[in-house]
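K.L.:
Below you'll find coords00.txt; it's compact mmCIF, C-alpha atoms and all ligand atoms.
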```txt
# COMPACT_ATOMS: atom_id res chain seq x y z
CA MET A 1 8.59 79.07 287.34
CA ASN A 2 10.09 79.43 283.84
CA ARG A 3 13.56 80.92 283.43
CA VAL A 4 13.94 83.80 281.00
CA GLU A 5 17.53 83.65 279.69
CA ILE A 6 18.27 86.79 277.68
CA ALA A 7 21.95 85.96 277.06
CA ASP A 8 24.18 83.05 278.04
CA GLY A 9 23.86 82.89 281.86
CA VAL A 10 21.94 86.19 282.05
CA TYR A 11 18.35 85.95 283.28
CA TRP A 12 15.44 88.39 283.55
CA VAL A 13 14.14 88.22 287.14
CA GLY A 14 11.88 91.30 287.22
CA ALA A 15 8.35 91.89 288.43
CA ILE A 16 5.24 92.62 286.36
CA ASP A 17 3.03 95.41 287.71
CA TRP A 18 -0.14 94.62 285.74
CA ASN A 19 -2.37 97.12 287.51
CA LEU A 20 -0.27 100.27 287.72
CA ARG A 21 -2.26 103.07 286.07
CA ASP A 22 -0.43 106.15 287.34
CA PHE A 23 3.35 106.43 287.62
CA HIS A 24 3.88 109.69 289.51
CA GLY A 25 1.29 111.42 287.33
CA TYR A 26 2.21 109.67 284.08
CA LEU A 27 -0.77 107.51 283.10
CA THR A 28 0.22 103.92 282.40
CA PRO A 29 -2.83 102.24 280.83
CA ARG A 30 -0.76 99.15 280.09
CA GLY A 31 0.92 98.85 283.52
CA THR A 32 4.70 98.40 283.69
CA THR A 33 7.50 96.07 284.71
CA TYR A 34 10.48 96.56 286.99
CA ASN A 35 13.22 94.60 285.25
CA ALA A 36 16.09 93.07 287.20
CA TYR A 37 18.70 90.67 285.89
CA ILE A 38 20.78 87.85 287.38
CA ILE A 39 24.18 87.26 285.79
CA LYS A 40 25.41 83.81 286.75
CA ASP A 41 29.14 83.20 286.43
CA SER A 42 31.65 81.93 289.00
CA VAL A 43 30.48 85.00 290.85
CA VAL A 44 26.78 86.00 290.79
CA ALA A 45 25.52 89.54 290.22
CA LEU A 46 22.02 90.94 290.50
CA VAL A 47 21.52 94.05 288.38
CA ASP A 48 18.85 96.34 289.89
CA THR A 49 15.96 95.25 292.09
CA VAL A 50 12.22 95.98 291.93
CA LYS A 51 9.73 98.36 293.54
CA ALA A 52 8.85 97.72 297.19
CA GLY A 53 5.96 95.27 297.40
CA PHE A 54 7.33 93.16 294.53
CA PHE A 55 10.23 91.58 296.45
CA ASP A 56 8.58 88.15 296.72
CA GLU A 57 8.15 87.98 292.94
CA LEU A 58 11.81 88.94 292.46
CA ARG A 59 12.93 86.36 295.03
CA ARG A 60 10.89 83.57 293.42
CA ARG A 61 12.34 84.38 290.00
CA ILE A 62 15.88 84.42 291.41
CA GLU A 63 15.30 81.12 293.21
CA ALA A 64 14.40 79.50 289.87
CA ILE A 65 18.00 80.20 288.87
CA THR A 66 20.15 80.32 291.97
CA ASP A 67 20.10 80.60 295.74
CA PRO A 68 19.68 84.35 296.42
CA GLY A 69 21.95 83.93 299.47
CA ILE A 70 24.99 83.50 297.23
CA ILE A 71 24.61 86.79 295.30
CA ASP A 72 28.01 88.52 295.41
CA TYR A 73 27.18 91.86 293.80
CA VAL A 74 24.02 93.95 293.69
CA ILE A 75 24.45 96.54 290.96
CA VAL A 76 22.37 99.66 291.59
CA ASN A 77 22.24 101.44 288.23
CA HIS A 78 19.73 103.94 289.65
CA VAL A 79 18.54 104.67 293.20
CA GLU A 80 14.96 105.70 292.29
CA MET A 81 12.55 103.62 294.34
CA ASP A 82 11.01 101.73 291.42
CA HIS A 83 14.42 100.01 291.09
CA SER A 84 15.84 100.13 294.62
CA GLY A 85 12.66 99.69 296.69
CA SER A 86 13.47 96.03 297.41
CA LEU A 87 17.17 96.57 298.05
CA SER A 88 16.93 96.28 301.83
CA ARG A 89 15.02 92.99 301.51
CA VAL A 90 17.60 91.71 299.00
CA MET A 91 20.43 92.65 301.38
CA GLU A 92 18.75 90.75 304.23
CA VAL A 93 18.91 87.59 302.11
CA ALA A 94 22.23 88.27 300.35
CA SER A 95 23.95 89.67 303.40
CA ASP A 96 27.49 89.13 302.08
CA ALA A 97 26.81 90.96 298.81
CA THR A 98 28.58 94.15 297.81
CA VAL A 99 26.38 96.98 296.53
CA VAL A 100 27.83 98.73 293.46
CA ALA A 101 26.75 102.28 292.59
CA THR A 102 28.15 105.58 291.35
CA GLU A 103 29.44 108.08 293.90
CA LYS A 104 26.16 110.03 293.74
CA GLY A 105 24.25 106.75 293.94
CA SER A 106 26.13 105.69 297.09
CA GLU A 107 25.42 109.06 298.73
CA GLU A 108 21.73 108.91 297.84
CA LEU A 109 21.32 105.30 299.00
CA GLN A 110 22.36 106.45 302.50
CA MET A 111 19.53 109.00 302.42
CA LEU A 112 16.93 106.53 301.18
CA TYR A 113 17.78 103.41 303.20
CA ASP A 114 19.43 102.25 306.37
CA CYS A 115 22.64 100.95 304.77
CA ASP A 116 24.38 100.05 308.05
CA GLY A 117 26.54 97.00 307.57
CA TRP A 118 26.35 97.00 303.75
CA ALA A 119 29.57 96.81 301.75
CA ILE A 120 29.23 99.54 299.10
CA LYS A 121 31.63 99.83 296.18
CA THR A 122 31.67 103.15 294.35
CA VAL A 123 32.37 103.06 290.61
CA LYS A 124 32.87 105.54 287.79
CA THR A 125 32.93 105.32 284.00
CA GLY A 126 35.39 102.68 282.84
CA ASP A 127 35.50 100.75 286.13
CA THR A 128 34.91 97.03 285.92
CA VAL A 129 33.94 94.10 288.11
CA SER A 130 34.99 90.59 287.07
CA LEU A 131 32.50 87.79 287.55
CA GLY A 132 34.86 85.07 286.24
CA GLU A 133 34.36 84.68 282.49
CA LYS A 134 32.26 87.83 282.22
CA THR A 135 33.21 91.37 283.15
CA LEU A 136 30.78 94.13 284.04
CA SER A 137 31.77 97.63 282.86
CA PHE A 138 30.05 100.74 284.12
CA ILE A 139 29.27 103.96 282.25
CA GLU A 140 27.95 106.92 284.22
CA THR A 141 24.87 108.51 282.62
CA PRO A 142 24.05 111.41 284.97
CA MET A 143 20.48 112.80 284.58
CA LEU A 144 19.34 109.77 282.63
CA HIS A 145 17.24 109.77 284.77
CA TRP A 146 18.65 111.20 288.03
CA PRO A 147 22.16 112.45 288.90
CA ASP A 148 23.18 108.97 290.11
CA ASN A 149 22.40 106.95 286.97
CA MET A 150 24.77 104.57 285.28
CA VAL A 151 24.44 101.72 282.81
CA THR A 152 26.11 98.30 283.02
CA TYR A 153 27.71 96.71 279.96
CA VAL A 154 28.63 93.04 279.57
CA ALA A 155 31.13 92.88 276.70
CA GLU A 156 31.11 89.07 276.45
CA ASP A 157 27.37 89.15 275.66
CA ARG A 158 27.34 92.55 273.89
CA LEU A 159 24.61 93.35 276.38
CA LEU A 160 23.72 96.81 277.70
CA LEU A 161 21.68 96.94 280.92
CA SER A 162 20.43 100.47 280.44
CA ASN A 163 18.08 101.04 283.38
CA ASP A 164 15.53 103.83 282.62
CA ALA A 165 17.00 104.68 279.20
CA PHE A 166 15.21 102.87 276.34
CA GLY A 167 12.38 101.72 278.66
CA GLN A 168 8.61 101.70 278.18
CA HIS A 169 5.72 101.26 280.58
CA ILE A 170 4.23 97.98 279.40
CA ALA A 171 3.12 95.00 281.48
CA SER A 172 3.17 91.88 279.34
CA SER A 173 4.00 88.19 279.37
CA LYS A 174 6.24 88.98 276.39
CA ARG A 175 9.80 90.08 277.13
CA TYR A 176 11.10 91.24 273.74
CA SER A 177 10.18 94.34 271.77
CA ASP A 178 9.89 92.36 268.51
CA GLU A 179 7.07 90.36 270.14
CA TYR A 180 5.08 93.49 271.06
CA PRO A 181 3.61 95.51 268.17
CA GLY A 182 3.36 99.22 269.00
CA VAL A 183 6.29 99.14 271.41
CA LEU A 184 7.85 102.24 269.81
CA ASP A 185 4.75 104.27 270.68
CA ASP A 186 5.16 103.38 274.34
CA ALA A 187 8.90 104.09 274.11
CA ALA A 188 8.06 107.53 272.67
CA LYS A 189 5.59 108.27 275.46
CA TYR A 190 8.20 107.24 278.00
CA TYR A 191 10.88 109.38 276.33
CA ALA A 192 8.57 112.41 276.14
CA ASN A 193 7.45 112.30 279.76
CA ILE A 194 10.61 111.10 281.49
CA LEU A 195 13.60 111.95 279.32
CA MET A 196 12.64 114.88 277.03
CA PRO A 197 14.16 117.56 279.32
CA PHE A 198 17.52 115.83 278.96
CA SER A 199 17.50 115.61 275.16
CA PRO A 200 20.80 117.53 274.71
CA LEU A 201 22.45 115.19 277.23
CA ILE A 202 21.00 112.13 275.56
CA ALA A 203 22.36 113.25 272.20
CA LYS A 204 25.81 113.63 273.83
CA THR A 205 25.58 110.27 275.59
CA LEU A 206 24.61 108.50 272.36
CA GLN A 207 27.61 110.12 270.72
CA LYS A 208 29.86 109.06 273.62
CA ILE A 209 28.66 105.46 273.38
CA GLY A 210 29.22 105.62 269.60
CA GLU A 211 32.80 106.85 270.13
CA MET A 212 33.52 104.13 272.69
CA GLU A 213 32.77 101.70 269.85
CA ILE A 214 31.08 99.23 272.14
CA GLU A 215 29.20 96.52 270.29
CA ILE A 216 25.58 96.16 271.38
CA ASP A 217 23.42 93.18 270.41
CA VAL A 218 20.85 93.53 273.19
CA ILE A 219 19.60 96.49 275.22
CA ALA A 220 17.81 95.42 278.38
CA PRO A 221 16.14 98.36 280.12
CA SER A 222 14.53 98.40 283.56
CA HIS A 223 10.96 98.89 282.29
CA GLY A 224 9.09 96.99 279.61
CA MET A 225 10.48 95.16 276.61
CA ILE A 226 14.06 94.09 275.88
CA TRP A 227 15.51 95.18 272.52
CA ARG A 228 17.36 92.43 270.65
CA ASP A 229 17.35 94.65 267.54
CA PRO A 230 18.82 97.71 269.30
CA GLY A 231 19.22 99.75 266.09
CA ILE A 232 15.48 100.48 266.15
CA ILE A 233 15.46 102.17 269.54
CA LEU A 234 18.90 103.78 269.11
CA ASP A 235 17.69 105.43 265.87
CA ALA A 236 14.47 106.54 267.57
CA TYR A 237 16.45 108.12 270.45
CA GLN A 238 18.70 109.84 267.92
CA GLY A 239 15.62 111.40 266.29
CA TRP A 240 13.83 112.37 269.51
CA SER A 241 16.92 113.83 271.15
CA SER A 242 17.72 115.95 268.09
CA GLY A 243 14.14 117.29 267.87
CA GLU A 244 13.09 115.60 264.61
CA SER A 245 9.43 116.41 264.00
CA ASN A 246 6.42 115.81 261.73
CA ASP A 247 4.14 118.32 259.99
CA THR A 248 1.70 118.19 262.88
CA ALA A 249 0.09 120.71 265.23
CA ILE A 250 -1.02 119.76 268.73
CA LEU A 251 -3.87 121.94 269.95
CA VAL A 252 -4.84 121.90 273.64
CA TYR A 253 -7.53 123.95 275.34
CA ASP A 254 -10.18 124.17 278.01
CA THR A 255 -13.47 126.05 278.02
CA MET A 256 -16.26 127.01 280.45
CA TRP A 257 -19.08 128.03 278.04
CA GLY A 258 -17.79 126.84 274.68
CA SER A 259 -16.33 130.03 273.15
CA THR A 260 -12.70 129.00 273.39
CA GLU A 261 -13.75 125.63 271.98
CA LYS A 262 -15.32 127.32 268.91
CA MET A 263 -12.00 129.10 268.36
CA ALA A 264 -10.12 125.80 268.81
CA LEU A 265 -12.18 124.08 266.13
CA ALA A 266 -11.78 126.98 263.67
CA ILE A 267 -8.03 126.94 264.23
CA ALA A 268 -7.90 123.16 263.80
CA GLN A 269 -9.72 123.43 260.43
CA GLY A 270 -7.29 126.18 259.39
CA ILE A 271 -4.34 123.91 260.19
CA ILE A 272 -5.84 121.11 258.06
CA ASP A 273 -6.52 123.52 255.18
CA ALA A 274 -2.94 124.78 255.37
CA GLY A 275 -1.69 121.24 254.89
CA PHE A 276 -0.62 120.08 258.36
CA GLU A 277 -2.07 117.34 260.51
CA VAL A 278 -3.76 118.49 263.72
CA LYS A 279 -4.61 116.72 266.97
CA VAL A 280 -7.03 118.42 269.36
CA TYR A 281 -7.23 117.80 273.11
CA HIS A 282 -9.64 119.14 275.75
CA LEU A 283 -7.38 119.22 278.79
CA ARG A 284 -9.90 117.92 281.33
CA ARG A 285 -10.79 114.97 279.11
CA SER A 286 -7.35 113.88 277.96
CA ASP A 287 -4.30 112.08 279.28
CA TRP A 288 -1.62 114.79 279.55
CA SER A 289 1.20 112.25 279.22
CA GLU A 290 -0.27 111.18 275.86
CA ILE A 291 -0.47 114.82 274.71
CA VAL A 292 3.17 115.35 275.63
CA ARG A 293 4.07 112.22 273.66
CA GLU A 294 2.37 113.85 270.63
CA ILE A 295 4.15 117.16 271.21
CA LEU A 296 7.52 115.35 271.15
CA GLU A 297 7.17 114.73 267.40
CA ALA A 298 5.10 117.80 266.39
CA LYS A 299 6.24 121.14 264.95
CA ILE A 300 3.41 123.30 266.35
CA VAL A 301 1.90 123.71 269.84
CA LEU A 302 -1.34 125.75 270.19
CA VAL A 303 -2.79 126.55 273.60
CA GLY A 304 -6.22 128.02 274.37
CA SER A 305 -7.90 129.13 277.58
CA PRO A 306 -10.81 131.31 278.65
CA THR A 307 -9.97 134.02 281.15
CA ILE A 308 -11.02 133.17 284.67
CA ASN A 309 -10.43 135.68 287.45
CA ASN A 310 -7.92 137.60 285.28
CA GLY A 311 -5.86 134.53 284.46
CA ILE A 312 -5.50 131.11 282.87
CA PHE A 313 -7.99 128.30 283.45
CA PRO A 314 -6.43 125.90 286.02
CA SER A 315 -6.15 122.83 283.77
CA VAL A 316 -4.39 124.92 281.10
CA GLY A 317 -2.09 126.49 283.71
CA GLY A 318 -1.25 123.07 285.12
CA PHE A 319 -0.53 121.65 281.69
CA LEU A 320 1.72 124.60 280.81
CA THR A 321 3.67 124.07 284.04
CA TYR A 322 4.14 120.39 283.18
CA LEU A 323 5.19 121.19 279.60
CA ARG A 324 7.64 123.89 280.67
CA GLY A 325 9.57 121.38 282.79
CA LEU A 326 9.85 119.01 279.84
CA ARG A 327 11.47 121.64 277.58
CA PRO A 328 10.26 120.48 274.13
CA LYS A 329 12.70 121.40 271.37
CA ASP A 330 12.21 123.58 268.28
CA LYS A 331 8.46 124.24 268.37
CA VAL A 332 6.41 127.23 267.22
CA GLY A 333 2.96 128.14 268.46
CA PHE A 334 0.41 130.69 269.61
CA ALA A 335 -2.13 131.37 272.35
CA PHE A 336 -5.85 131.89 271.94
CA GLY A 337 -8.93 132.30 274.11
CA SER A 338 -12.18 134.02 274.90
CA TYR A 339 -12.68 136.61 277.65
CA GLY A 340 -15.52 138.75 279.00
CA TRP A 341 -14.00 142.04 280.15
CA GLY A 342 -10.36 142.67 281.18
CA GLY A 343 -8.96 139.37 279.78
CA GLY A 344 -5.59 138.05 280.86
CA ALA A 345 -5.36 134.36 279.96
CA VAL A 346 -3.94 134.76 276.46
CA LYS A 347 -1.10 137.09 277.52
CA ALA A 348 -0.26 134.74 280.39
CA ILE A 349 -0.17 131.71 278.04
CA GLU A 350 2.12 133.60 275.63
CA SER A 351 4.52 134.30 278.43
CA GLU A 352 4.48 130.65 279.56
CA LEU A 353 5.09 129.42 276.01
CA GLU A 354 8.05 131.76 275.68
CA LYS A 355 9.52 130.53 278.96
CA THR A 356 9.09 126.97 277.65
CA GLY A 357 11.25 127.89 274.65
CA ILE A 358 8.37 127.77 272.15
CA LYS A 359 8.54 130.49 269.50
CA VAL A 360 5.27 132.46 269.71
CA VAL A 361 4.16 133.81 266.32
CA ASP A 362 1.10 135.79 267.46
CA SER A 363 -2.02 135.35 269.56
CA ILE A 364 -5.76 135.89 269.34
CA SER A 365 -8.35 136.93 271.94
CA VAL A 366 -12.11 137.19 271.35
CA LYS A 367 -14.59 138.98 273.57
CA PHE A 368 -17.35 136.53 274.63
CA VAL A 369 -18.77 134.38 271.80
CA PRO A 370 -16.73 134.44 268.55
CA GLY A 371 -18.59 135.60 265.41
CA ALA A 372 -17.88 134.63 261.80
CA ASP A 373 -15.11 137.26 261.46
CA ASP A 374 -13.42 136.08 264.62
CA LEU A 375 -13.46 132.50 263.40
CA ASP A 376 -11.97 133.62 260.06
CA ALA A 377 -9.22 135.39 262.00
CA CYS A 378 -8.58 132.14 263.91
CA ALA A 379 -8.22 130.25 260.62
CA ARG A 380 -5.86 132.91 259.21
CA LEU A 381 -3.65 132.60 262.27
CA ALA A 382 -3.56 128.83 261.72
CA TRP A 383 -2.19 129.42 258.20
CA LYS A 384 0.37 131.84 259.60
CA VAL A 385 1.70 129.39 262.18
CA VAL A 386 1.97 126.63 259.56
CA ASP A 387 4.00 129.00 257.35
CA GLU A 388 6.20 129.87 260.28
CA ALA A 389 6.72 126.19 261.16
CA ARG A 390 7.81 125.45 257.60
CA ASN A 391 10.31 128.35 257.57
CA PHE A 392 11.49 127.74 261.12
CA ASN A 393 12.27 124.10 260.47
CA SER A 394 14.06 124.70 257.20
CA ALA A 395 16.12 127.36 259.04
CA ILE A 396 17.09 124.77 261.66
CA SER A 397 18.05 122.10 259.15
CA HIS A 398 19.92 124.58 256.86
CA PRO A 399 21.32 127.27 259.16
C1 LIG B 401 -15.89 132.09 286.95
C2 LIG B 401 -15.62 133.07 285.82
C3 LIG B 401 -14.64 134.04 285.97
C4 LIG B 401 -14.36 134.94 284.96
N1 LIG B 401 -13.36 135.84 285.13
C5 LIG B 401 -13.08 136.73 284.11
C6 LIG B 401 -12.06 137.71 284.28
O1 LIG B 401 -11.44 137.83 285.33
N2 LIG B 401 -11.78 138.52 283.22
C7 LIG B 401 -12.44 138.40 282.04
O2 LIG B 401 -12.11 139.12 281.09
N3 LIG B 401 -13.44 137.50 281.86
C8 LIG B 401 -13.76 136.67 282.87
N4 LIG B 401 -14.77 135.74 282.72
C9 LIG B 401 -15.55 135.73 281.45
C10 LIG B 401 -15.10 134.60 280.52
O3 LIG B 401 -13.76 134.75 280.21
C11 LIG B 401 -15.97 134.68 279.27
O4 LIG B 401 -17.28 134.28 279.61
C12 LIG B 401 -15.45 133.81 278.13
O5 LIG B 401 -16.22 134.03 276.97
C13 LIG B 401 -15.50 132.33 278.51
O6 LIG B 401 -14.95 131.56 277.47
P1 LIG B 401 -15.37 130.02 277.32
O7 LIG B 401 -16.75 130.00 276.75
O8 LIG B 401 -14.34 129.44 276.42
O9 LIG B 401 -15.33 129.42 278.70
C14 LIG B 401 -15.09 134.88 283.75
C15 LIG B 401 -16.09 133.90 283.61
C16 LIG B 401 -16.36 133.01 284.62
C17 LIG B 401 -17.44 131.95 284.41
FE FE B 402 14.04 106.76 287.23
FE FE B 403 12.43 103.73 286.42
```
Go ahead and render the structure in this file as structure tokens.

P.N.:
Amino acid sequence: MNRVEIADGVYWVGAIDWNLRDFHGYLTPRGTTYNAYIIKDSVVALVDTVKAGFFDELRRRIEAITDPGIIDYVIVNHVEMDHSGSLSRVMEVASDATVVATEKGSEELQMLYDCDGWAIKTVKTGDTVSLGEKTLSFIETPMLHWPDNMVTYVAEDRLLLSNDAFGQHIASSKRYSDEYPGVLDDAAKYYANILMPFSPLIAKTLQKIGEMEIEIDVIAPSHGMIWRDPGIILDAYQGWSSGESNDTAILVYDTMWGSTEKMALAIAQGIIDAGFEVKVYHLRRSDWSEIVREILEAKIVLVGSPTINNGIFPSVGGFLTYLRGLRPKDKVGFAFGSYGWGGGAVKAIESELEKTGIKVVDSISVKFVPGADDLDACARLAWKVVDEARNFNSAISHP
């Protein structure tokens, strides 16, 4: 088995999950990897493990470098099971190893695994572990992705082992982002679906890392490609976490008999005529994680639903629930839909959009099939929301 040396004495020993297509609801058409790293010095450290079921692949990759029985430290940057699922198997082989985690991480490990007999060392920001020539430093990054998260920095190699941060769900025989065209798209999808709710925290963490003046040549995350040109992904995170957006509207809808769809298409044409780009998604035919990736960088979010039993169509309701949890920043939008008698969906969407933090400019409901006047009204509302998006964003950038 080949050895993948990402820095002097630092090896990638992860597992490639070629066939994963759904990561707790997030569609992963390209699969993913669970990245783990061996740092070989006078003392040997394993940084993170892999999902349960992939232990044998991890073990074989470690054996190509060293005897797993001599591992001294197992660094657990994050207790989520995609990274800790093989920990018990690792500890059976490396029974003298010390597990290193944050205080929250240590607590949570006890809830997830039978840790009887394991030596666990609890660390906080600034703590270090010497491996001989190299020293591991730890920086707590709570909520990136769970309360327990930390990152591990190796100053001698200017190497940041960042766990979930800066990752992407890509299975590939390539290991470096510069060998994988389109990697930023996957990084954006990952950010939107996993990290978007924590954007304010990410902005603060990036600032903190900036102030610590640590030099970074390589960022090695726990999913996907390794960045040996870290400026690219650091700049992208700066933009995403501060809510930078394009002149684009994302329009999502569902329909039973086609009326809401007619409205959707009239609105989409209005958006184009008003000078913005538009992307249209039928919610039962589209990958929601892809839509959310598009919303990350858009200024406008438009949501349509017919009324069913006084309320929102289930796919639209489900999507709004997902979006609300992700808390997209600085968007404007409106609700639209067709109804037959009492209505209800459009008001309910408005209220959901407001709770999501999206500024609602107006809304439009049409009784049964929209006529020419209704479709004109849809187009006019499209112009209005584009105007509002232009004003809203210049107000944000020049308060
Ligand atoms: C199963 C079902 C339930 C409905 N429930 C309501 C309702 O509670 N209130 C209402 O105003 N219209 C109701 N309607 C009427 C639809 O909202 C109306 O037909 C609308 O034009 C459908 O839009 P669409 O063509 O985009 O699906 C219902 C229609 C169906 C098929
Ligand atoms: Fe995670
Ligand atoms: Fe993960």

K.L.:
Counting only C-alpha atoms and all ligand atoms, which residues in chain A sit no more than 7 Å from ligand FE 402 (chain B)? For each one, give the nearest pair of atoms and the distance in Å, sorted by chain then residue number, as a tab-separated table.

P.N.:
```
residue	atom	partner	partner_atom	distance
A:His78	CA	B:FE402	FE	6.8
A:Glu80	CA	B:FE402	FE	5.3
A:His145	CA	B:FE402	FE	5.0
A:Trp146	CA	B:FE402	FE	6.5
A:Asp164	CA	B:FE402	FE	5.7
```

K.L.:
For ligand LIG 401 (chain B), list the contacting residues at 7 Å or closer, counting all atoms listed in the file, as a PDB file with C-alpha atoms, keeping the file's coordinate frame.

P.N.:
```pdb
ATOM      1  CA  ASP A 254     -10.180 124.170 278.010  1.00  0.00           C
ATOM      2  CA  THR A 255     -13.470 126.050 278.020  1.00  0.00           C
ATOM      3  CA  MET A 256     -16.260 127.010 280.450  1.00  0.00           C
ATOM      4  CA  TRP A 257     -19.080 128.030 278.040  1.00  0.00           C
ATOM      5  CA  GLY A 258     -17.790 126.840 274.680  1.00  0.00           C
ATOM      6  CA  SER A 259     -16.330 130.030 273.150  1.00  0.00           C
ATOM      7  CA  THR A 260     -12.700 129.000 273.390  1.00  0.00           C
ATOM      8  CA  GLU A 261     -13.750 125.630 271.980  1.00  0.00           C
ATOM      9  CA  SER A 305      -7.900 129.130 277.580  1.00  0.00           C
ATOM     10  CA  PRO A 306     -10.810 131.310 278.650  1.00  0.00           C
ATOM     11  CA  THR A 307      -9.970 134.020 281.150  1.00  0.00           C
ATOM     12  CA  ILE A 308     -11.020 133.170 284.670  1.00  0.00           C
ATOM     13  CA  ASN A 309     -10.430 135.680 287.450  1.00  0.00           C
ATOM     14  CA  ASN A 310      -7.920 137.600 285.280  1.00  0.00           C
ATOM     15  CA  GLY A 311      -5.860 134.530 284.460  1.00  0.00           C
ATOM     16  CA  GLY A 337      -8.930 132.300 274.110  1.00  0.00           C
ATOM     17  CA  SER A 338     -12.180 134.020 274.900  1.00  0.00           C
ATOM     18  CA  TYR A 339     -12.680 136.610 277.650  1.00  0.00           C
ATOM     19  CA  GLY A 340     -15.520 138.750 279.000  1.00  0.00           C
ATOM     20  CA  TRP A 341     -14.000 142.040 280.150  1.00  0.00           C
ATOM     21  CA  GLY A 342     -10.360 142.670 281.180  1.00  0.00           C
ATOM     22  CA  GLY A 343      -8.960 139.370 279.780  1.00  0.00           C
ATOM     23  CA  GLY A 344      -5.590 138.050 280.860  1.00  0.00           C
ATOM     24  CA  LYS A 367     -14.590 138.980 273.570  1.00  0.00           C
ATOM     25  CA  PHE A 368     -17.350 136.530 274.630  1.00  0.00           C
ATOM     26  CA  VAL A 369     -18.770 134.380 271.800  1.00  0.00           C
TER      27      VAL A 369
END
```

K.L.:
Report, in Å to a single decimal, how far apart atom CA of Ile139 of chain A and atom CA of Tyr153 of chain A are.

P.N.:
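According to the coordinates, atom CA of Tyr153 of chain A and atom CA of Ile139 of chain A are separated by 7.8 Å.
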
K.L.:
Within 7 Å of ligand FE 403 (chain B) (counting only C-alpha atoms and all ligand atoms), which residues show up? I'd like them as a list in words.

P.N.:
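Selection of residues at most 7 Å from ligand FE 403 (chain B): Glu80, Asp82, His83, Asn163, Asp164, Ser222 and His223 of chain A.
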
K.L.:
Kindly save the residues from that selection, with C-alpha atoms included, as a PDB file, keeping the file's coordinate frame.

P.N.:
```pdb
ATOM      1  CA  GLU A  80      14.960 105.700 292.290  1.00  0.00           C
ATOM      2  CA  ASP A  82      11.010 101.730 291.420  1.00  0.00           C
ATOM      3  CA  HIS A  83      14.420 100.010 291.090  1.00  0.00           C
ATOM      4  CA  ASN A 163      18.080 101.040 283.380  1.00  0.00           C
ATOM      5  CA  ASP A 164      15.530 103.830 282.620  1.00  0.00           C
ATOM      6  CA  SER A 222      14.530  98.400 283.560  1.00  0.00           C
ATOM      7  CA  HIS A 223      10.960  98.890 282.290  1.00  0.00           C
TER       8      HIS A 223
END
```

K.L.:
If you measure from atom CA of Ser88 of chain A to atom CA of Thr49 of chain A, what distance in Å do you get, rounded to one decimal?

P.N.:
9.8 Å

K.L.:
For atom CA of Leu58 of chain A and atom CA of Lys40 of chain A, determine how far apart the two atoms are, in Å to one decimal place.

P.N.:
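Taking atom CA of Leu58 of chain A and atom CA of Lys40 of chain A, their separation equals 15.6 Å.
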
K.L.:
Could you list, as a PyMOL selection string, every residue within 9 Å of Glu352 of chain A, counting all atoms listed in the file and ignoring same-chain residues fewer than 6 positions away?

P.N.:
chain A and resi 317+320-321+324+358

K.L.:
Out of A:Ser172, A:Ser106, A:Ser242, A:Asn149, which residue has the shortest atom-to-atom distance to Gly31 of chain A when counting only C-alpha atoms?

P.N.:
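That would be A:Ser172, the residue with the smallest distance to Gly31 of chain A.
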
K.L.:
With 9 Å as the cut-off and all atoms listed in the file counted, what is the closest atom pair between each nearby residue of segment 155-209 of chain A and segment 21-29 of chain A? Distances in Å to one decimal, ordered by chain and number, as a Markdown table.

P.N.:
```
| residue | atom | partner | partner_atom | distance |
| --- | --- | --- | --- | --- |
| A:His169 | CA | A:Thr28 | CA | 6.4 |
| A:Ile170 | CA | A:Thr28 | CA | 7.8 |
| A:Tyr190 | CA | A:Tyr26 | CA | 8.9 |
| A:Asn193 | CA | A:Tyr26 | CA | 7.3 |
| A:Ile194 | CA | A:Tyr26 | CA | 8.9 |
```

K.L.:
Can you tell me, as a list in words, what residues are no more than 10 Å from Trp118 of chain A when counting only C-alpha atoms, ignoring any on the same chain fewer than 5 positions away?

P.N.:
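Here the answer would be Ser88, Met91, Glu92, Ser95, Asp96, Ala97, Thr98 and Val99 of chain A.
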
K.L.:
For each of A:Val76, A:Val93, A:Ala203, A:Ile214, take the minimum atom-to-atom distance to Gly243 of chain A, counting all atoms listed in the file, then give the residue where this is smallest.

P.N.:
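Comparing A:Val76, A:Val93, A:Ala203, A:Ile214 against Gly243 of chain A, the winner is A:Ala203.
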
K.L.:
Could you give me, as a ChimeraX atom specification, the residues within 9 Å of segment 155-162 of chain A, counting all atoms listed in the file and dropping anything in the same chain fewer than 2 positions from it?

P.N.:
/A:7-8,10,37,47,77,133-137,150-153,164-167,214-222

K.L.:
Any idea what's packed within 7 Å of Asp148 of chain A, counting only C-alpha atoms, ignoring anything in its chain fewer than 5 positions away? Could you give it as a list in words?

P.N.:
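The residues satisfying every condition are His78, Thr102, Lys104, Gly105 and Pro142 of chain A.
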
K.L.:
Here's a test: counting all atoms listed in the file, identify every protein, DNA and RNA residue with an atom at most 9 Å from (-0.9, 96.0, 287.1) in the file's coordinate frame, and state them as a short mmCIF file (atom, residue, chain, number, x, y, z; two decimals) with C-alpha atoms, in the coordinates of the input.

P.N.:
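In the end it all went to result.cif:
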```cif
data_model
loop_
_atom_site.label_atom_id
_atom_site.label_comp_id
_atom_site.auth_asym_id
_atom_site.auth_seq_id
_atom_site.Cartn_x
_atom_site.Cartn_y
_atom_site.Cartn_z
CA ILE A 16 5.24 92.62 286.36
CA ASP A 17 3.03 95.41 287.71
CA TRP A 18 -0.14 94.62 285.74
CA ASN A 19 -2.37 97.12 287.51
CA LEU A 20 -0.27 100.27 287.72
CA ARG A 21 -2.26 103.07 286.07
CA ARG A 30 -0.76 99.15 280.09
CA GLY A 31 0.92 98.85 283.52
CA THR A 32 4.70 98.40 283.69
CA THR A 33 7.50 96.07 284.71
CA ALA A 171 3.12 95.00 281.48
#
```
